[in-house]
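What follows is a single structure, written as structure tokens, with notes after it.
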Amino acid sequence: MGWRSSDNNKSSKTGDDINKMGILSFETAKIMSRLLCLYKSLSESDISNLKTEMKSGGVSYLNSKDEGFLLSLACAERLEDLDKAAAAVARLGHKCSDFGLNRFDLAYTDLKLGIIDFRKLGYGSKDIEKRVFKMEKLINATSGLYAALENLAELEVSERKMKQWKERKASGQLQKVNLDMFNQKIEQQRKQVRQFRENSLWNQTFDKSVGHMARIVCIIYARICVVFGPHIPILPSLSLRNMRSSQQKEILKFQPENCLIEPIREQIISRSGPIPTTSKQTLVRFYSRKSIFFLCEDEGFGADKLAKNNRVFHAAGPLTVGGAGLALCYANVITLVEKYSNPSESVDLNSRENLYQMLPGNLKKTVRSKLSKNLKCMDEDESLAEGWRDALKQIMEWLAPMAHNTINWQLERNLEKTKFDIKPSVLLLQTLHYSDKEKTEAAIADILVGLSCICKCENRQWSES
């Protein structure tokens, strides 16, 4: 394996070497990238963009028109992601010599109780931005090291095969194999690995790396309270000691509660428009600070564990697309319709049948009924196809972004184990997960019927089942 390549052949290590991250640098880089994703998602520009998207056609029509409700979902999802990242930091903190980092779980609990001094936790300050920039450099170097080690591992496998092949040949009968160029290439690769190790988290101590992450965790939590506090007054109050007056004015709006997320399991009156009011699991509850939520990292972000551990994910009721387990299926249908609506795209019978078979039974019935009526009308008035073309375009303008966000949300969770990306992630409220099932299915039926009518008008292969 590349991780154990021959350039790392020292048998003895100093005390500093023992405390260095080594192979755990890759896990640490992923945790760092997860934290920086959260950090960047709370910038003024990102929050402004989020509020703008809440008013977009797709979110407001399918999910909710209530900004407070949508912000509560965004806040809950960010807090849940932070809890998971903080648990990972606490686990790495057990390898630190510093007592505060060694018991970061206790420090995080104190933070959520509001008894931590926030004097030096200013989001966006020069000191913090320098720290973030340094973490980005470490993540990039560690990502480069990961790729370099993979390449080195492949080269070392080829090197062993070439040596074995050479040994089997009779030196006096066949031309001598020249390995000089290959040896030069593999030596350059080993040199690159050494350089990346020197500049990456591999060569950093646990105390230093965990210290960076622990501070960012605290800053993110404080920032969540500042950003969402004016809209969600039941977020925790923060310690006002030694805080700037401008921060105090924002914090004074908060109530002394701690934020926990859990699906409400009783019938409620929903403040959202399209969200059903009869759902047993619809909204997000924020518990008092008497009980501190701290999630074990082993429960993780992976898509295979979403059903068990992602409480925000389960806040969608059975009358929503996500609650019915159809979010990804409908997203794929919508993106295929978007693809097939391109006049240059050929739609053969197999493609049409595959798309049709993706639909659940009730939606197939709706599409057949609408399609039958509209195709008969088109036989009498061909100008209806132009109307369907305009209608399809208008619907896809607000429906397609929701579908793409749904797919991206799933991809981000599926690739969590390998990515080092620091770009802010998609929120569930931007996807089809919380969308009203009846309205979503009506929109999908319309775009399928519209596509069928357009294809018939353009003499592309698309006919009624």
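Ligands are numbered from 1 in the order shown, residues from 1 within each chain, and chains are lettered A, B, ... in the order they appear in the structure tokens.
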
Could you pull the residues within 12 Å of region 52-55 of chain A, counting only C-alpha atoms, minus those fewer than 2 positions along the same chain, as a VMD selection string?
chain A and resid 45 to 50 57 to 71 73 to 74 398 401 to 402 405 426 to 431

Contacts of region 185-196 of chain A within 8 Å, only C-alpha atoms, excl. fewer than 5 positions in-chain, as an MDAnalysis selection string
chainID A and resid 7 141:142 144:145 148:149 151:152 155:156

Residue subset to file, keeping C-alpha atoms, as an mmCIF file, in the first residue's frame:
data_model
loop_
_atom_site.group_PDB
_atom_site.id
_atom_site.type_symbol
_atom_site.label_atom_id
_atom_site.label_comp_id
_atom_site.auth_asym_id
_atom_site.auth_seq_id
_atom_site.Cartn_x
_atom_site.Cartn_y
_atom_site.Cartn_z
ATOM 1 C CA ASP A 7 10.300 6.179 1.878
ATOM 2 C CA ALA A 141 -2.452 19.490 0.995
ATOM 3 C CA THR A 142 -3.999 16.423 2.628
ATOM 4 C CA GLY A 144 -3.137 16.110 -2.575
ATOM 5 C CA LEU A 145 -1.380 13.603 -0.323
ATOM 6 C CA ALA A 148 -0.348 11.089 -4.453
ATOM 7 C CA LEU A 149 -0.420 8.010 -2.223
ATOM 8 C CA ASN A 151 -0.770 6.993 -7.497
ATOM 9 C CA LEU A 152 2.284 5.737 -5.617
ATOM 10 C CA LEU A 155 3.246 2.534 -9.352
ATOM 11 C CA GLU A 156 4.623 0.229 -6.659
#

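Distance annotation: of A:Leu326, A:Leu101, A:Met21, A:Leu336, the residue with the minimal separation from Arg215 (chain A) is A:Leu101; atom set is only C-alpha atoms.
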
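Reported to one decimal place, the separation of CA of Arg413 (chain A) from CA of Val337 (chain A) is 24.8 Å.
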
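Remark: for Ala324 (chain A), the closest of the candidate residues A:Cys453, A:Ile216, A:Leu24, A:Leu432 is A:Leu432 (distances computed over only C-alpha atoms).
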
Please provide as a PyMOL selection string all residues within 12 Å of Lys370 (chain A), with the sequence filter that same-chain residues fewer than 2 positions apart are discarded (counting only C-alpha atoms).
chain A and resi 363-368+372-377+442+444-450+452-453+464

Based on DSSP run over this structure's backbone, return all residues of region 142-223 of chain A in alpha helix (DSSP H), as number ranges by chain.
A: 142-168, 180-199, 206-223

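With only C-alpha atoms as the atoms that count, the minimum distance from Val347 (chain A) to the choices A:Glu159, A:Lys84, A:Leu451, A:Cys37 is reached by A:Leu451.
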
Just how far from CA of Phe313 (chain A) is CA of Ala29 (chain A), in Å to one decimal?
25.6 Å

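Restricting the calculation to only C-alpha atoms, the smallest distance between Gly322 (chain A) and any of A:Lys437, A:Trp202, A:Val89, A:Pro343 is found for A:Lys437.
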
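Residues in contact with region 92-99 of chain A at 7 Å, where only C-alpha atoms are counted and same-chain residues fewer than 3 positions away are skipped, are listed as Ala88, Val89, Asn102, Arg103, Phe104, Phe206, Asp207 and Val210 of chain A.
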
Now that the selection is made, can you save its residues with C-alpha atoms as a PDB file, in the first residue's frame?
ATOM      1  CA  ALA A  88     -15.918  13.538  15.602  1.00  0.00           C
ATOM      2  CA  VAL A  89     -13.719  16.334  16.980  1.00  0.00           C
ATOM      3  CA  ASN A 102      -9.062  15.778  25.577  1.00  0.00           C
ATOM      4  CA  ARG A 103     -12.527  16.445  27.024  1.00  0.00           C
ATOM      5  CA  PHE A 104     -13.959  18.559  24.263  1.00  0.00           C
ATOM      6  CA  PHE A 206      -3.307  16.177  17.354  1.00  0.00           C
ATOM      7  CA  ASP A 207      -3.336  19.142  19.732  1.00  0.00           C
ATOM      8  CA  VAL A 210      -8.013  19.436  17.047  1.00  0.00           C
TER       9      VAL A 210
END
